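Trainee: Next comes the structure file model.txt, holding compact mmCIF, C-alpha atoms.
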# COMPACT_ATOMS: atom_id res chain seq x y z
CA MET A 1 25.02 -23.65 23.64
CA ASN A 2 26.40 -20.58 21.83
CA ILE A 3 25.26 -17.11 22.69
CA ALA A 4 23.11 -16.64 19.55
CA ALA A 5 21.14 -19.85 20.20
CA LEU A 6 20.67 -18.87 23.84
CA HIS A 7 19.23 -15.50 22.90
CA LEU A 8 17.00 -17.08 20.28
CA ARG A 9 15.47 -19.35 22.92
CA ARG A 10 15.08 -16.71 25.60
CA SER A 11 14.24 -13.67 23.48
CA ALA A 12 11.25 -11.55 24.47
CA SER A 13 10.20 -11.77 20.82
CA ARG A 14 9.83 -15.52 21.18
CA THR A 15 7.55 -15.09 24.18
CA LEU A 16 5.48 -12.45 22.39
CA PHE A 17 5.66 -14.10 18.96
CA PRO A 18 1.92 -14.99 19.07
CA VAL A 19 1.13 -11.31 19.64
CA LEU A 20 3.26 -10.28 16.66
CA LEU A 21 1.62 -12.92 14.48
CA VAL A 22 -1.92 -12.02 15.56
CA LEU A 23 -1.25 -8.35 14.79
CA VAL A 24 0.04 -9.21 11.32
CA LEU A 25 -2.88 -11.51 10.52
CA ALA A 26 -5.50 -9.13 11.92
CA ASN A 27 -4.14 -6.25 9.87
CA THR A 28 -4.30 -8.47 6.78
CA LEU A 29 -7.55 -10.38 7.23
CA LEU A 30 -9.74 -7.69 8.81
CA ARG A 31 -9.19 -5.13 6.06
CA SER A 32 -10.28 -4.96 2.43
CA MET A 33 -8.64 -7.59 0.24
CA SER A 34 -9.06 -5.84 -3.10
CA TRP A 35 -5.35 -6.51 -3.67
CA ARG A 36 -5.99 -10.24 -4.10
CA TYR A 37 -6.18 -9.88 -7.90
CA GLU A 38 -2.66 -8.45 -8.27
CA TRP A 39 0.61 -9.95 -7.06
CA MET A 40 2.38 -6.60 -7.05
CA TRP A 41 -0.41 -4.81 -5.19
CA ALA A 42 -0.70 -7.63 -2.65
CA ALA A 43 3.03 -7.61 -1.87
CA TYR A 44 3.33 -3.83 -1.70
CA GLN A 45 0.14 -3.32 0.31
CA TYR A 46 1.22 -5.91 2.87
CA ASN A 47 4.35 -3.90 3.69
CA PHE A 48 2.11 -1.26 5.27
CA THR A 49 1.89 -3.72 8.19
CA VAL A 50 5.11 -2.19 9.53
CA MET A 51 3.18 0.92 10.59
CA LEU A 52 1.66 -1.21 13.39
CA LEU A 53 4.23 -3.98 13.71
CA GLY A 54 7.19 -1.59 13.95
CA PRO A 55 6.11 0.27 17.11
CA LEU A 56 5.17 -2.99 18.84
CA PHE A 57 8.47 -4.58 17.90
CA ALA A 58 10.41 -1.52 19.07
CA GLY A 59 8.62 -1.73 22.43
CA ILE A 60 9.45 -5.44 22.77
CA ALA A 61 13.08 -4.72 21.90
CA ALA A 62 13.20 -1.95 24.52
CA TRP A 63 11.96 -4.42 27.12
CA GLU A 64 14.68 -6.86 26.07
CA GLY A 65 17.22 -4.07 26.39
CA TYR A 66 16.01 -3.36 29.91
CA ARG A 67 16.35 -7.06 30.79
CA LEU A 68 19.92 -7.05 29.52
CA SER A 69 20.75 -3.89 31.44
CA ARG A 70 20.20 -5.72 34.71
CA SER A 71 23.38 -7.70 33.90
CA HIS A 72 25.17 -4.52 32.91
CA GLU A 73 28.06 -4.78 35.37
CA PHE A 74 28.75 -8.43 34.51
CA LEU A 75 28.75 -7.74 30.77
CA LEU A 76 30.89 -4.65 31.24
CA SER A 77 33.50 -6.54 33.25
CA HIS A 78 33.78 -9.20 30.56
CA GLN A 79 33.77 -6.65 27.73
CA ARG A 80 31.01 -8.47 25.87
CA THR A 81 28.48 -5.70 25.40
CA VAL A 82 28.81 -5.45 21.61
CA ARG A 83 28.53 -9.20 21.18
CA ILE A 84 25.58 -9.46 23.55
CA LEU A 85 23.69 -6.56 21.98
CA ALA A 86 24.26 -7.93 18.47
CA ALA A 87 23.09 -11.41 19.46
CA SER A 88 20.07 -10.04 21.27
CA TRP A 89 19.10 -7.90 18.28
CA ALA A 90 19.55 -10.86 15.90
CA ALA A 91 17.26 -13.02 18.03
CA LEU A 92 14.62 -10.31 18.28
CA PHE A 93 14.77 -9.67 14.56
CA ALA A 94 14.58 -13.38 13.70
CA TRP A 95 11.27 -13.83 15.56
CA CYS A 96 9.82 -10.62 14.12
CA THR A 97 10.88 -11.69 10.62
CA ALA A 98 9.19 -15.06 11.15
CA ALA A 99 5.89 -13.33 11.97
CA PHE A 100 6.25 -11.00 8.98
CA VAL A 101 7.05 -13.85 6.56
CA LEU A 102 4.18 -16.01 7.81
CA GLY A 103 1.81 -13.10 7.24
CA LEU A 104 3.22 -12.62 3.75
CA ALA A 105 2.66 -16.33 3.06
CA VAL A 106 -0.99 -15.89 4.04
CA VAL A 107 -1.27 -12.95 1.62
CA TYR A 108 0.21 -14.99 -1.24
CA THR A 109 -2.16 -17.86 -0.42
CA ILE A 110 -5.14 -15.49 -0.66
CA VAL A 111 -3.93 -14.26 -4.06
CA VAL A 112 -3.59 -17.84 -5.33
CA MET A 113 -7.05 -18.77 -4.02
CA ALA A 114 -8.49 -15.75 -5.88
CA GLY A 115 -7.37 -17.38 -9.12
CA THR A 116 -4.79 -14.72 -9.93
CA PRO A 117 -2.46 -16.09 -12.62
CA GLY A 118 1.31 -15.85 -12.66
CA PHE A 119 3.54 -14.96 -9.73
CA LEU A 120 5.74 -12.16 -8.48
CA SER A 121 8.81 -11.18 -10.42
CA GLY A 122 12.08 -11.01 -8.52
CA ARG A 123 11.92 -7.22 -8.38
CA GLU A 124 8.40 -7.29 -6.95
CA ALA A 125 9.31 -9.94 -4.37
CA LEU A 126 12.14 -7.73 -3.10
CA THR A 127 9.63 -5.07 -2.03
CA ALA A 128 9.58 -6.89 1.32
CA LEU A 129 13.27 -6.14 1.94
CA PRO A 130 12.94 -2.43 2.83
CA ALA A 131 10.07 -3.30 5.17
CA LEU A 132 12.16 -5.91 6.98
CA MET A 133 15.17 -3.60 7.23
CA LEU A 134 12.94 -0.86 8.66
CA LEU A 135 11.72 -3.30 11.31
CA GLY A 136 15.33 -4.18 12.07
CA ALA A 137 16.22 -0.51 12.58
CA GLU A 138 13.21 0.05 14.85
CA GLY A 139 14.19 -3.02 16.86
CA ALA A 140 17.76 -1.75 17.23
CA LEU A 141 16.48 1.62 18.40
CA GLY A 142 14.25 0.01 21.03
CA LEU A 143 17.00 -2.33 22.23
CA ALA A 144 19.51 0.50 22.60
CA LEU A 145 17.03 2.71 24.47
CA GLY A 146 16.11 -0.06 26.90
CA TRP A 147 19.76 -0.97 27.40
CA THR A 148 21.02 2.57 28.02
CA SER A 149 18.06 3.87 30.06
CA ARG A 150 17.87 0.78 32.32
CA SER A 151 14.19 1.59 32.85
CA ARG A 152 11.22 -0.70 32.38
CA MET A 153 9.26 2.36 31.23
CA ALA A 154 11.43 2.42 28.11
CA ALA A 155 9.27 -0.27 26.49
CA PRO A 156 5.88 1.53 26.44
CA LEU A 157 7.46 4.94 25.84
CA THR A 158 9.48 3.61 22.91
CA ALA A 159 6.43 1.94 21.34
CA ILE A 160 4.36 5.12 21.65
CA THR A 161 7.17 7.35 20.35
CA VAL A 162 7.89 5.12 17.34
CA PHE A 163 4.18 4.98 16.49
CA ILE A 164 3.73 8.77 16.68
CA GLY A 165 6.98 9.31 14.80
CA SER A 166 5.91 6.90 12.05
CA ILE A 167 2.59 8.69 11.58
CA TRP A 168 4.33 12.06 11.47
CA LEU A 169 6.88 10.88 8.91
CA TYR A 170 4.15 9.25 6.82
CA THR A 171 2.24 12.52 6.52
CA SER A 172 5.26 14.80 6.12
CA ASP A 173 7.82 15.62 3.44
CA PHE A 174 10.03 12.92 4.97
CA ALA A 175 7.75 10.08 3.88
CA PRO A 176 10.56 8.15 2.08
CA PHE A 177 12.01 7.40 5.51
CA ILE A 178 8.93 5.39 6.54
CA VAL A 179 6.89 4.53 3.42
CA VAL A 180 7.85 1.01 2.38
CA GLY A 181 4.43 -0.01 1.10
CA GLY A 182 0.72 0.64 1.10
CA ALA A 183 -1.60 1.42 -1.80
CA SER A 184 -5.30 2.27 -1.75
CA GLY A 185 -5.86 1.31 -5.39
CA SER A 186 -4.67 -0.94 -8.20
CA LEU A 187 -0.99 -0.85 -9.12
CA ILE A 188 -1.53 -1.91 -12.72
CA GLY A 189 1.17 -0.28 -14.82
CA LEU A 190 3.29 0.63 -11.78
CA GLN A 191 6.32 -0.79 -10.00
CA PRO A 192 8.53 0.30 -7.08
CA ARG A 193 11.50 2.55 -7.81
CA ILE A 194 14.43 0.19 -7.35
CA GLY A 195 16.79 3.09 -6.57
CA THR A 196 14.58 4.29 -3.73
CA GLN A 197 14.24 0.79 -2.33
CA LEU A 198 18.01 0.28 -2.36
CA ALA A 199 18.52 3.66 -0.71
CA GLN A 200 16.05 2.68 2.02
CA VAL A 201 17.77 -0.67 2.64
CA VAL A 202 21.18 1.01 2.93
CA CYS A 203 19.85 3.74 5.23
CA TYR A 204 18.03 1.32 7.54
CA THR A 205 21.03 -1.05 7.70
CA LEU A 206 23.45 1.74 8.59
CA LEU A 207 20.96 3.09 11.14
CA THR A 208 20.79 -0.34 12.78
CA LEU A 209 24.58 -0.66 12.98
CA ALA A 210 25.05 2.90 14.21
CA VAL A 211 22.39 2.61 16.93
CA LEU A 212 23.75 -0.69 18.25
CA ALA A 213 27.31 0.65 18.26
CA LEU A 214 26.24 3.89 19.91
CA GLY A 215 24.22 2.03 22.54
CA SER A 216 27.21 -0.10 23.48
CA TRP A 217 29.55 2.88 23.43
CA VAL A 218 27.38 4.95 25.77
CA ALA A 219 26.61 2.10 28.16
CA THR A 220 30.28 1.15 28.48
CA HIS A 221 31.33 4.69 29.36
CA TYR A 222 32.62 5.41 25.85
CA ARG A 223 35.09 2.52 25.76
CA ARG A 224 33.61 -0.10 23.42
CA PRO A 225 33.28 0.00 20.49
CA HIS A 226 35.94 2.51 19.56
CA THR A 227 34.87 6.10 19.19
CA ALA A 228 36.12 6.19 15.61
CA LEU A 229 33.76 3.36 14.61
CA VAL A 230 30.77 5.17 16.09
CA ILE A 231 31.70 8.37 14.25
CA VAL A 232 32.20 6.57 10.92
CA LEU A 233 28.88 4.71 11.16
CA THR A 234 27.03 7.87 12.18
CA CYS A 235 28.48 9.83 9.25
CA LEU A 236 27.64 7.05 6.79
CA MET A 237 24.10 6.87 8.15
CA ALA A 238 23.68 10.64 7.84
CA ALA A 239 24.97 10.57 4.26
CA SER A 240 22.57 7.76 3.32
CA ALA A 241 19.69 9.66 4.94
CA VAL A 242 20.48 12.77 2.87
CA HIS A 243 20.60 10.64 -0.27
CA LEU A 244 17.25 9.03 0.56
CA ALA A 245 15.67 12.42 1.29
CA ASN A 246 16.69 13.61 -2.17
CA ARG A 247 15.14 10.66 -4.00
CA PRO A 248 12.01 11.34 -6.15
CA ALA A 249 8.93 11.97 -4.01
CA LEU A 250 6.91 9.26 -5.77
CA MET A 251 7.73 5.77 -4.52
CA LEU A 252 6.41 4.07 -7.68
CA GLU A 253 7.20 4.44 -11.38
CA ALA A 254 5.56 3.38 -14.62
CA ARG A 255 5.94 -0.19 -15.84
CA LYS A 256 5.48 -1.00 -19.52
CA GLY A 257 3.75 -4.07 -20.88
CA ASP A 258 1.52 -4.53 -17.86
CA VAL A 259 -1.74 -4.07 -19.79
CA VAL A 260 -3.20 -6.33 -22.49
CA CYS A 261 -5.69 -4.95 -25.04
CA SER A 262 -8.20 -7.06 -26.92
CA GLY A 263 -11.18 -6.71 -29.27
CA GLU A 264 -12.60 -3.79 -31.17
CA ALA A 265 -15.54 -1.42 -30.83
CA PRO A 266 -14.69 -1.07 -28.05
CA GLU A 267 -11.14 -2.15 -27.27
CA ILE A 268 -10.76 -3.35 -23.69
CA CYS A 269 -7.35 -3.04 -22.01
CA LEU A 270 -6.82 -4.89 -18.73
CA GLY A 271 -3.92 -5.73 -16.48
CA ARG A 272 -2.43 -9.13 -17.21
CA SER A 273 -3.85 -10.67 -14.06
CA TYR A 274 -7.34 -9.39 -14.92
CA THR A 275 -7.68 -10.69 -18.49
CA ARG A 276 -9.86 -13.58 -17.32
CA PHE A 277 -12.59 -11.02 -16.53
CA GLU A 278 -12.65 -9.72 -20.12
CA PRO A 279 -15.52 -11.84 -21.55
CA ASP A 280 -17.98 -10.94 -18.77
CA LEU A 281 -16.83 -7.32 -18.75
CA ARG A 282 -17.27 -7.03 -22.52
CA ALA A 283 -20.80 -8.41 -22.28
CA ARG A 284 -21.70 -5.74 -19.71
CA ILE A 285 -20.00 -2.94 -21.64
CA THR A 286 -21.74 -3.95 -24.86
CA ARG A 287 -25.14 -3.09 -23.38
CA TYR A 288 -24.03 0.53 -23.00
CA THR A 289 -22.22 0.90 -26.30
CA GLU A 290 -25.12 -0.58 -28.28
CA ALA A 291 -27.59 1.74 -26.53
CA LEU A 292 -25.46 4.79 -27.34
CA ASN A 293 -24.76 3.79 -30.93
CA GLY A 294 -28.45 3.01 -31.37
CA ILE A 295 -29.41 6.69 -31.08
CA GLY A 296 -26.44 8.04 -32.98
CA ILE A 297 -24.17 8.90 -30.05
CA ALA A 298 -20.58 7.78 -30.57
CA ALA A 299 -19.69 5.27 -27.88
CA PRO A 300 -16.22 5.35 -26.29
CA LYS A 301 -13.68 3.44 -28.37
CA GLN A 302 -11.54 2.16 -25.53
CA PHE A 303 -11.94 1.02 -21.92
CA ARG A 304 -8.61 0.99 -20.05
CA GLN A 305 -7.73 -0.18 -16.57
CA ASP A 306 -4.55 1.91 -16.57
CA ALA A 307 -6.23 5.15 -17.72
CA VAL A 308 -6.21 7.97 -15.19
CA TYR A 309 -8.64 10.41 -16.79
CA ALA A 310 -11.72 9.94 -18.95
CA SER A 311 -11.91 11.44 -22.43
CA ALA A 312 -14.29 11.34 -25.37
CA ASP A 313 -12.75 8.07 -26.55
CA VAL A 314 -11.37 6.48 -23.38
CA VAL A 315 -13.16 5.25 -20.26
CA PRO A 316 -11.02 4.46 -17.18
CA LEU A 317 -11.94 1.16 -15.52
CA ASP A 318 -11.59 0.87 -11.78
CA LEU A 319 -11.35 -2.36 -9.84
CA GLY A 320 -15.09 -2.51 -9.17
CA ASP A 321 -15.88 -2.12 -12.87
CA VAL A 322 -13.73 -5.15 -13.69
CA THR A 323 -14.30 -7.57 -10.82
CA SER A 324 -17.61 -6.67 -9.16
CA ASN A 325 -20.71 -8.78 -9.69
CA ASN A 326 -22.74 -5.59 -9.39
CA ASP A 327 -22.98 -3.42 -12.48
CA MET A 328 -20.89 -0.33 -11.63
CA LEU A 329 -20.16 0.70 -15.21
CA LEU A 330 -22.95 3.25 -15.63
CA GLY A 331 -21.09 6.10 -13.97
CA SER A 332 -17.82 5.16 -15.69
CA VAL A 333 -19.36 5.23 -19.16
CA LEU A 334 -21.19 8.50 -18.54
CA GLY A 335 -17.93 10.05 -17.33
CA ALA A 336 -16.59 9.97 -20.89
CA TYR A 337 -19.05 12.74 -21.86
CA TYR A 338 -18.04 15.43 -19.35
CA ASP A 339 -15.09 16.27 -17.12
CA ASN A 340 -14.41 17.25 -13.53
CA ARG A 341 -14.71 20.98 -14.25
CA CYS A 342 -18.47 20.56 -14.27
CA GLU A 343 -20.19 21.89 -11.16
CA MET A 344 -22.97 19.63 -9.91
CA ARG A 345 -25.27 22.28 -8.41
CA PRO A 346 -28.89 21.34 -7.67
CA GLY A 347 -31.17 22.84 -10.32
CA SER A 348 -28.32 23.77 -12.69
CA ASP A 349 -28.38 23.00 -16.41
CA PHE A 350 -25.56 20.53 -15.93
CA GLN A 351 -27.42 18.75 -13.12
CA ARG A 352 -30.50 18.34 -15.34
CA ALA A 353 -28.40 17.11 -18.28
CA PHE A 354 -26.63 14.63 -15.99
CA ASP A 355 -29.88 13.27 -14.51
CA ASN A 356 -31.48 12.94 -17.95
CA SER A 357 -28.42 11.21 -19.41
CA ILE A 358 -27.82 8.74 -16.61
CA TYR A 359 -31.50 7.88 -16.31
CA TRP A 360 -31.84 7.22 -20.04
CA LEU A 361 -28.58 5.25 -20.28
CA GLY A 362 -29.44 3.15 -17.24
CA LYS A 363 -32.87 2.27 -18.61
CA ALA A 364 -31.54 1.61 -22.12
CA ALA A 365 -28.82 -0.72 -20.80
CA ASP A 366 -31.11 -2.31 -18.18
CA SER A 367 -28.96 -1.02 -15.32
CA PRO A 368 -29.94 0.68 -12.01
CA THR A 369 -29.81 4.45 -12.46
CA TYR A 370 -29.88 5.64 -8.83
CA VAL A 371 -31.69 8.76 -10.11
CA ASP A 372 -35.31 9.51 -9.22
CA SER A 373 -37.51 9.90 -12.30
CA GLU A 374 -39.21 12.92 -10.72
CA GLY A 375 -36.54 15.34 -11.91
CA VAL A 376 -36.02 13.71 -15.31
CA ASP A 377 -37.41 15.03 -18.61
CA PRO A 378 -40.90 13.46 -19.05
CA ALA A 379 -40.00 12.65 -22.66
CA ILE A 380 -37.27 10.29 -21.38
CA VAL A 381 -39.50 8.74 -18.74
CA LYS A 382 -42.78 8.30 -20.65
CA GLY A 383 -42.18 9.41 -24.24
CA THR A 384 -42.21 7.36 -27.40
CA PRO A 385 -38.94 5.70 -28.49
CA GLU A 386 -38.28 8.61 -30.85
CA GLN A 387 -39.01 11.19 -28.16
CA LYS A 388 -36.73 9.36 -25.72
CA ALA A 389 -33.95 9.25 -28.30
CA ASN A 390 -34.26 12.97 -29.11
CA ALA A 391 -34.28 13.94 -25.44
CA ALA A 392 -31.29 11.67 -24.71
CA ARG A 393 -29.27 13.16 -27.59
CA LYS A 394 -29.97 16.65 -26.26
CA ALA A 395 -28.97 15.62 -22.72
CA PHE A 396 -25.65 14.18 -23.92
CA ALA A 397 -25.02 17.26 -26.04
CA ASP A 398 -25.58 19.45 -22.97
CA LEU A 399 -23.15 17.31 -21.00
CA ALA A 400 -20.53 17.71 -23.70
CA THR A 401 -20.66 21.50 -23.48
CA CYS A 402 -18.98 21.21 -20.09
CA ARG A 403 -16.00 19.56 -21.75
CA ASP A 404 -15.59 22.19 -24.50
Starting from the file, give its structure as structure tokens.
Mentor:
Amino acid sequence: MNIAALHLRRSASRTLFPVLLVLVLANTLLRSMSWRYEWMWAAYQYNFTVMLLGPLFAGIAAWEGYRLSRSHEFLLSHQRTVRILAASWAALFAWCTAAFVLGLAVVYTIVVMAGTPGFLSGREALTALPALMLLGAEGALGLALGWTSRSRMAAPLTAITVFIGSIWLYTSDFAPFIVVGGASGSLIGLQPRIGTQLAQVVCYTLLTLAVLALGSWVATHYRRPHTALVIVLTCLMAASAVHLANRPALMLEARKGDVVCSGEAPEICLGRSYTRFEPDLRARITRYTEALNGIGIAAPKQFRQDAVYASADVVPLDLGDVTSNNDMLLGSVLGAYYDNRCEMRPGSDFQRAFDNSIYWLGKAADSPTYVDSEGVDPAIVKGTPEQKANAARKAFADLATCRD
């Protein structure tokens, strides 16, 4: 049996593979699955798993390094430290990759079961590569620390340190060194920056090689590998890190052609994987537009899933507006008539205009208003149709003054 196969069978990652897999599945299945309607979002969000999987894997690798260090003198005498460390890392990484890929397969299965059409493009599928290379680098770091320290305490200390370090990097200006995925909202119209992803892969790969070489060099009393190799790898890693640090701060960039528009009065623009929701969404939107047009208020002309800000003609659609069985459109439609500069102070003119507008629009479109009628203009609550229309027009006009 060759050395690689031996390590694969006896690796600590094989023993703890169920733990790795349970962590991956728990992080996927016990959190919101809003991403199930988008292939890109699902793939990119899943990569956030490394924030938990990485520290655990680094701790397991440190334990494996400690186990190897107990045969330190034997390996040193046979000058096999580089080969042994490389084979050990490969075995550790193979089992961790298996857990990661199985979790990714579960994510893709959920997306398919949600009825999401199409599939990932090649560029989107490659978003998993930086995540895997980051795991490989964390595993190399743990293995080298366990090997050089020869302490069983290296495992828990490494796991804790990698976790704290990951959180710090994630919240700092050095986020590109750790952010390989994760998104709290839809990624319609967005895609990963391929240059940043390539820079991450190169940086993580060089870090892995440099750490393994350095670990062997230190543990063999600076004999193997050659000092020159360690210096070259360290310099290359530092150069790649500088390049990565100077990449654009945003990890995503705009993607054209990701939104499909259909219909008129209003036009509805949805991400390609959401177009199947258009008929039901249009039926719900029509209730609001007809109510507004019925009293002479110009309804928004366009509803867009990729819009960031509301305007007089455009209403941004969030995920709940498009996919939820509950009618969440009331607030979205009303948002087209004012902007975020408006201060919602109790008893203010704007507050009264808002309450009057949302109450009238909710009643006119047969939608829950979530506003108590006690503070609403009596003409809107109990007036004749003409009185209600006049009061509603005034309320919407007062809202619009906040936009001017």
Trainee: Please indicate the distance in Å from CA of Val106 (chain A) to CA of Ala26 (chain A), rounded to one decimal place.
Mentor: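 If I compute the distance from CA of Val106 (chain A) to CA of Ala26 (chain A), I get 11.3 Å.
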Trainee: Considering all atoms listed in the file, return as a ChimeraX atom specification whatever protein or nucleic-acid residues lie within 7 Å of Tyr204 (chain A), sequence-local ones (same chain, fewer than 3 positions apart) excluded.
Mentor: /A:133-134,137,200-201,207-208
Trainee: Write the residues of the selection above to a file with C-alpha atoms, as a CSV table (one decimal), in the frame of the given file.
Mentor:
chain,number,residue,atom,x,y,z
A,133,MET,CA,15.2,-3.6,7.2
A,134,LEU,CA,12.9,-0.9,8.7
A,137,ALA,CA,16.2,-0.5,12.6
A,200,GLN,CA,16.0,2.7,2.0
A,201,VAL,CA,17.8,-0.7,2.6
A,207,LEU,CA,21.0,3.1,11.1
A,208,THR,CA,20.8,-0.3,12.8
Trainee: Pick out the closest residue to Val111 (chain A) from this set: A:Ser332, A:Thr196, A:Asn356, A:Ser34. Count all atoms listed in the file.
Mentor: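 Looking at the shortest contact to Val111 (chain A), the residue is A:Ser34.
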Trainee: CA of Gly54 (chain A) and CA of Arg70 (chain A) are how many Å apart?
Mentor: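 So the answer is 24.8 Å.
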Trainee: For Gly139 (chain A), which residue among A:Ser151, A:Asp280, A:Glu64, A:Ala254 is the nearest when counting all atoms listed in the file?
Mentor: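 Residue with the minimum atom-to-atom distance to Gly139 (chain A): A:Glu64.
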Trainee: Which residue is closest to Ala336 (chain A)? Choose from A:Phe93, A:Phe277, A:Phe396, A:Phe17 and count all atoms listed in the file.
Mentor: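 Answer, going by the shortest atom-to-atom distance: A:Phe396.
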Trainee: I'd like the contact shell of Gly335 (chain A) - 9 Å cut-off, all atoms listed in the file, skipping same-chain residues fewer than 2 positions apart - returned as a VMD selection string.
Mentor: chain A and resid 310 to 312 315 to 316 330 to 333 337 to 340
Trainee: Kindly indicate which residue among A:Ser262, A:Ser88, A:Thr227, A:Ser186 lies nearest to Ala140 (chain A), using only C-alpha atoms for the distances.
Mentor: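 The closest residue to Ala140 (chain A) is A:Ser88.
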Trainee: My list of candidates is A:Gln302, A:Ser240, A:Ser69, A:Thr109. Which is closest to Gly146 (chain A) when distances are computed with all atoms listed in the file?
Mentor: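 Closest to Gly146 (chain A), using all atoms listed in the file: A:Ser69.
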Trainee: Provide an axis-aligned box for all listed atoms of region 93-101 of chain A, padding each side by 5 Å; report its centre and its edge lengths in Å to one decimal, as JSON.
Mentor:
{"center_x": 10.3, "center_y": -12.4, "center_z": 11.1, "size_x": 18.9, "size_y": 15.4, "size_z": 19.0}
Trainee: Pick out the residues sitting within 10 Å of Ile110 (chain A), and hand them over as a list in words; count all atoms listed in the file, and ignore anything fewer than 3 positions along from it in its own chain.
Mentor: Leu29, Met33, Trp35, Arg36, Tyr37, Ala42, Leu104, Ala105, Val106, Val107, Met113, Ala114, Gly115 and Thr116 of chain A
Trainee: Let's have the selection written as a compact mmCIF listing (two decimals), in the coordinates of the input, with C-alpha atoms.
Mentor:
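Wrote it out as part.txt, contents follow:
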# COMPACT_ATOMS: atom_id res chain seq x y z
CA LEU A 29 -7.55 -10.38 7.23
CA MET A 33 -8.64 -7.59 0.24
CA TRP A 35 -5.35 -6.51 -3.67
CA ARG A 36 -5.99 -10.24 -4.10
CA TYR A 37 -6.18 -9.88 -7.90
CA ALA A 42 -0.70 -7.63 -2.65
CA LEU A 104 3.22 -12.62 3.75
CA ALA A 105 2.66 -16.33 3.06
CA VAL A 106 -0.99 -15.89 4.04
CA VAL A 107 -1.27 -12.95 1.62
CA MET A 113 -7.05 -18.77 -4.02
CA ALA A 114 -8.49 -15.75 -5.88
CA GLY A 115 -7.37 -17.38 -9.12
CA THR A 116 -4.79 -14.72 -9.93
Trainee: Rounded to one decimal place, report the CA of Gly118 (chain A)-CA of Pro130 (chain A) distance in Å.
Mentor: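 Computed distance, CA of Gly118 (chain A) to CA of Pro130 (chain A), equals 23.6 Å.
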Trainee: Might you pull out every residue within 9 Å of Glu124 (chain A), with only C-alpha atoms counted and same-chain residues fewer than 3 positions away left off, and present them as a list in words?
Mentor: Trp39, Met40, Ala43, Tyr44, Leu120, Ser121, Thr127, Ala128, Gln191 and Pro192 of chain A
Trainee: When you get a chance, write out N, CA and C atoms for region 98-112 of chain A, as a CSV table (one decimal), in the coordinates of the input.
Mentor:
chain,number,residue,atom,x,y,z
A,98,ALA,N,10.0,-13.9,11.3
A,98,ALA,CA,9.2,-15.1,11.2
A,98,ALA,C,7.7,-14.7,11.1
A,99,ALA,N,7.3,-13.8,12.0
A,99,ALA,CA,5.9,-13.3,12.0
A,99,ALA,C,5.6,-12.6,10.7
A,100,PHE,N,6.5,-11.7,10.2
A,100,PHE,CA,6.2,-11.0,9.0
A,100,PHE,C,6.1,-11.9,7.8
A,101,VAL,N,7.0,-12.9,7.7
A,101,VAL,CA,7.0,-13.8,6.6
A,101,VAL,C,5.8,-14.7,6.6
A,102,LEU,N,5.4,-15.2,7.7
A,102,LEU,CA,4.2,-16.0,7.8
A,102,LEU,C,3.0,-15.2,7.3
A,103,GLY,N,2.9,-13.9,7.7
A,103,GLY,CA,1.8,-13.1,7.2
A,103,GLY,C,1.9,-12.9,5.7
A,104,LEU,N,3.1,-12.8,5.2
A,104,LEU,CA,3.2,-12.6,3.8
A,104,LEU,C,2.8,-13.9,3.0
A,105,ALA,N,3.1,-15.1,3.6
A,105,ALA,CA,2.7,-16.3,3.1
A,105,ALA,C,1.1,-16.4,3.0
A,106,VAL,N,0.5,-15.9,4.0
A,106,VAL,CA,-1.0,-15.9,4.0
A,106,VAL,C,-1.5,-15.0,2.9
A,107,VAL,N,-0.9,-13.8,2.7
A,107,VAL,CA,-1.3,-13.0,1.6
A,107,VAL,C,-1.1,-13.6,0.3
A,108,TYR,N,0.0,-14.3,0.0
A,108,TYR,CA,0.2,-15.0,-1.2
A,108,TYR,C,-0.8,-16.1,-1.4
A,109,THR,N,-1.2,-16.8,-0.3
A,109,THR,CA,-2.2,-17.9,-0.4
A,109,THR,C,-3.5,-17.3,-0.8
A,110,ILE,N,-3.9,-16.1,-0.3
A,110,ILE,CA,-5.1,-15.5,-0.7
A,110,ILE,C,-5.1,-15.1,-2.1
A,111,VAL,N,-4.0,-14.6,-2.6
A,111,VAL,CA,-3.9,-14.3,-4.1
A,111,VAL,C,-4.1,-15.5,-4.9
A,112,VAL,N,-3.5,-16.6,-4.6
A,112,VAL,CA,-3.6,-17.8,-5.3
A,112,VAL,C,-5.0,-18.3,-5.3
